[in-house]
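Asker: Just one file: model-v7.txt, with compact mmCIF, C-alpha atoms.
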```txt
# COMPACT_ATOMS: atom_id res chain seq x y z
CA MET A 890 139.61 89.38 60.99
CA PHE A 891 136.95 91.58 59.35
CA SER A 892 134.21 89.69 61.20
CA THR A 893 135.99 90.23 64.52
CA ILE A 894 136.45 93.95 63.91
CA ASN A 895 132.89 94.38 62.71
CA GLY A 896 131.59 92.40 65.70
CA ALA A 897 133.53 94.65 68.10
CA ARG A 898 132.13 97.73 66.39
CA LEU A 899 128.57 96.40 66.63
CA LEU A 900 128.98 95.29 70.25
CA TYR A 901 130.81 98.30 71.70
CA GLY A 902 130.58 101.12 69.21
CA ARG A 903 126.85 101.68 68.91
CA ARG A 904 126.34 103.78 72.03
CA GLN A 905 129.54 105.84 71.96
CA GLY A 906 130.19 105.82 68.24
CA PHE A 907 133.75 104.59 68.62
CA ASN A 908 135.75 101.79 70.16
CA ARG A 909 139.28 100.43 70.27
CA VAL A 910 140.37 97.09 68.85
CA TRP A 911 143.78 95.50 68.75
CA ALA A 912 145.42 93.90 65.72
CA GLY A 913 148.36 92.19 67.34
CA LEU A 914 150.25 94.91 69.19
CA LYS A 915 148.65 97.72 67.22
CA PRO A 916 145.54 99.53 68.49
CA TYR A 917 142.91 100.82 66.07
CA ILE A 918 140.00 103.14 66.75
CA LEU A 919 136.77 102.27 64.92
CA ILE A 920 134.35 105.13 64.37
CA SER A 921 130.72 104.30 63.71
CA LYS A 922 128.86 107.56 64.34
CA ALA A 923 129.15 110.89 62.56
CA THR A 924 129.22 112.82 65.85
CA ALA A 925 132.32 110.91 66.98
CA ALA A 926 134.02 111.41 63.62
CA GLU A 927 133.21 115.13 63.66
CA LYS A 928 135.04 115.65 66.96
CA ILE A 929 138.15 113.98 65.60
CA LEU A 930 138.11 115.39 62.07
CA SER A 931 137.44 118.97 63.16
CA SER A 932 140.47 118.98 65.46
CA SER A 933 143.53 120.86 64.25
CA LYS A 934 145.68 118.99 66.79
CA ASN A 935 145.15 115.42 65.64
CA ILE A 936 145.97 115.60 61.95
CA GLU A 937 149.13 113.49 61.81
CA LYS A 938 148.72 110.43 59.58
CA GLY A 939 148.93 106.96 61.07
CA ARG A 940 151.74 104.55 60.33
CA ASP A 941 149.56 102.65 57.88
CA TYR A 942 149.86 105.56 55.43
CA ASP A 943 153.60 104.86 55.19
CA LEU A 944 152.70 101.68 53.30
CA LEU A 945 151.15 103.81 50.54
CA LYS A 946 154.13 106.15 50.05
CA PRO A 947 156.17 103.83 47.77
CA TRP A 948 153.06 103.34 45.62
CA ILE A 949 151.58 106.85 45.40
CA GLY A 950 154.38 109.04 46.77
CA THR A 951 154.09 111.83 49.30
CA GLY A 952 151.06 113.84 48.34
CA LEU A 953 147.98 115.20 50.05
CA LEU A 954 146.89 111.75 51.20
CA THR A 955 150.20 110.62 52.69
CA SER A 956 152.01 113.82 53.71
CA HIS A 957 152.78 114.72 57.32
CA ALA A 958 150.58 117.16 59.25
CA ALA A 959 152.27 120.48 58.42
CA LYS A 960 152.63 119.70 54.72
CA TRP A 961 149.09 118.31 54.54
CA HIS A 962 147.63 121.38 56.25
CA GLN A 963 149.43 123.75 53.85
CA ARG A 964 148.30 121.83 50.75
CA ARG A 965 144.77 121.40 52.02
CA LYS A 966 144.42 125.15 52.55
CA MET A 967 145.49 125.71 48.93
CA LEU A 968 143.02 123.14 47.57
CA THR A 969 139.97 123.94 49.71
CA PRO A 970 138.66 126.79 47.49
CA THR A 971 138.83 124.47 44.48
CA PHE A 972 136.26 122.16 46.02
CA HIS A 973 133.77 124.82 47.07
CA PHE A 974 130.23 123.57 46.47
CA LYS A 975 129.50 126.36 43.98
CA ILE A 976 132.41 125.26 41.80
CA LEU A 977 131.56 121.57 42.15
CA ALA A 978 127.94 122.29 41.20
CA ASN A 979 129.19 122.99 37.67
CA PHE A 980 130.43 119.41 37.45
CA VAL A 981 127.33 117.57 38.67
CA GLU A 982 126.06 116.97 35.15
CA VAL A 983 129.38 115.62 33.87
CA MET A 984 129.89 113.54 37.05
CA ASN A 985 126.48 111.93 36.57
CA LYS A 986 127.18 111.25 32.90
CA GLN A 987 130.62 109.76 33.54
CA SER A 988 129.36 107.73 36.50
CA TYR A 989 126.81 106.18 34.19
CA VAL A 990 129.61 105.35 31.71
CA LEU A 991 131.63 103.80 34.55
CA VAL A 992 128.72 101.60 35.62
CA ARG A 993 128.25 100.38 32.03
CA GLN A 994 131.97 99.50 31.84
CA LEU A 995 131.91 97.68 35.17
CA GLU A 996 128.81 95.73 34.13
CA LYS A 997 130.93 94.15 31.40
CA GLN A 998 133.09 92.63 34.15
CA LEU A 999 130.24 91.03 36.12
CA ASN A 1000 130.90 87.53 34.79
CA ASN A 1001 134.67 87.86 34.93
CA THR A 1002 135.61 85.08 37.35
CA GLU A 1003 139.33 85.89 37.22
CA GLY A 1004 138.91 89.40 38.63
CA PHE A 1005 140.04 92.69 37.11
CA ASP A 1006 141.92 95.82 38.03
CA CYS A 1007 139.36 98.53 38.80
CA THR A 1008 142.08 101.18 39.11
CA ILE A 1009 142.11 101.89 35.38
CA TYR A 1010 138.34 102.41 35.37
CA ALA A 1011 138.50 104.83 38.31
CA THR A 1012 141.42 106.69 36.76
CA LEU A 1013 139.74 107.09 33.38
CA THR A 1014 136.47 108.16 34.96
CA SER A 1015 138.27 110.76 37.07
CA LEU A 1016 140.05 112.13 34.02
CA ASP A 1017 136.79 112.20 32.03
CA ILE A 1018 135.14 114.19 34.82
CA ILE A 1019 138.05 116.61 35.20
CA CYS A 1020 138.25 117.19 31.46
CA GLY A 1021 134.48 117.28 30.98
CA LYS A 1022 132.62 120.43 30.17
CA LYS A 1023 129.21 121.55 31.23
CA LYS A 1024 126.84 122.05 28.31
```
Would you write the structure of this file as structure tokens?
Answerer:
Amino acid sequence: MFSTINGARLLYGRRQGFNRVWAGLKPYILISKATAAEKILSSSKNIEKGRDYDLLKPWIGTGLLTSHAAKWHQRRKMLTPTFHFKILANFVEVMNKQSYVLVRQLEKQLNNTEGFDCTIYATLTSLDIICGKKK
């Protein structure tokens, strides 16, 4: 299925930056150019989540990622100042350090033929970054 979707994107999406594919009775829009994504993402009209997000709600609850448009917009407005580039600049050093630690941990799993759960690594790295302090 991935090959079919990727083939459709390569065949039809290069010029326009987007195209529609069908998965059974469900249409999907594939975006392959930043200019096409910008038009969609900058719209304040089209911010309702797709049905696929409903599959995540039992797992992660109704938060910023899965909430409906009005709730998402309200929460996003509260969080936006937190992620201002000047504030995030203070965390670059700790993000680099913790990313290096993450890579070293993941390297230990390279020969693991049975697979592993990367969620714990991502969670711990996120917590290390949030709790980290700039020197």
Asker: When you count only C-alpha atoms, which of these residues is closest to A:Gly1021: A:Met984, A:Leu953, A:Leu995, A:Leu899?
Answerer: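 Nearest candidate to A:Gly1021 out of A:Met984, A:Leu953, A:Leu995, A:Leu899: A:Met984.
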Asker: What's the separation between atom CA of A:Lys922 and atom CA of A:Gly906, in Å to one decimal place?
Answerer: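 Distance between the two atoms: 4.5 Å.
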Asker: Which residue gives the smallest distance to A:Ile936 among A:Ile1019, A:Ala958, A:Val983, A:Val990, with all atoms listed in the file counted?
Answerer: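 Checking each of A:Ile1019, A:Ala958, A:Val983, A:Val990 against A:Ile936, counting all atoms listed in the file, the winner is A:Ala958.
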Asker: Point out the residue among A:Met890, A:Leu999, A:Val992, A:Ala959 with the least atom-to-atom distance to A:Gly913, counting only C-alpha atoms.
Answerer: A:Met890
Asker: Go through A:Tyr917, A:Phe974, A:Phe891, A:Phe980 and flag the residue nearest A:Ser1015, using only C-alpha atoms for the distances.
Answerer: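 Among the listed residues, A:Phe980 lies closest to A:Ser1015.
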Asker: Using all atoms listed in the file, can you tell me which of A:Thr955, A:Gln994, A:Gln987, A:Asn1001 comes closest to A:Cys1020?
Answerer: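 For A:Cys1020, the nearest of the given residues is A:Gln987.
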Asker: So what do you get for atom CA of A:Ala897 versus atom CA of A:Ile918, distance-wise?
Answerer: 10.8 Å
Asker: Using Å and a single decimal, report how far atom CA of A:Leu1016 sits from atom CA of A:Glu1003.
Answerer: 26.4 Å
Asker: How big is the axis-aligned box around the listed atoms of stretch 950-960 of chain A once 3 Å is added on each side, and where is its centre? Give both in Å to one decimal, as AutoDock Vina command-line options.
Answerer:
```
--center_x 150.6 --center_y 114.8 --center_z 53.0 --size_x 13.5 --size_y 17.4 --size_z 18.5
```
Asker: Out of A:Gln905, A:Thr969, A:Thr1014, A:Thr1008, which residue has the shortest atom-to-atom distance to A:Ala926 when counting all atoms listed in the file?
Answerer: A:Gln905
Asker: Could you list, as a PyMOL selection string, every residue within 12 Å of A:Ala925, counting all atoms listed in the file and ignoring same-chain residues fewer than 6 positions away?
Answerer: chain A and resi 902-908+918-919+931-932
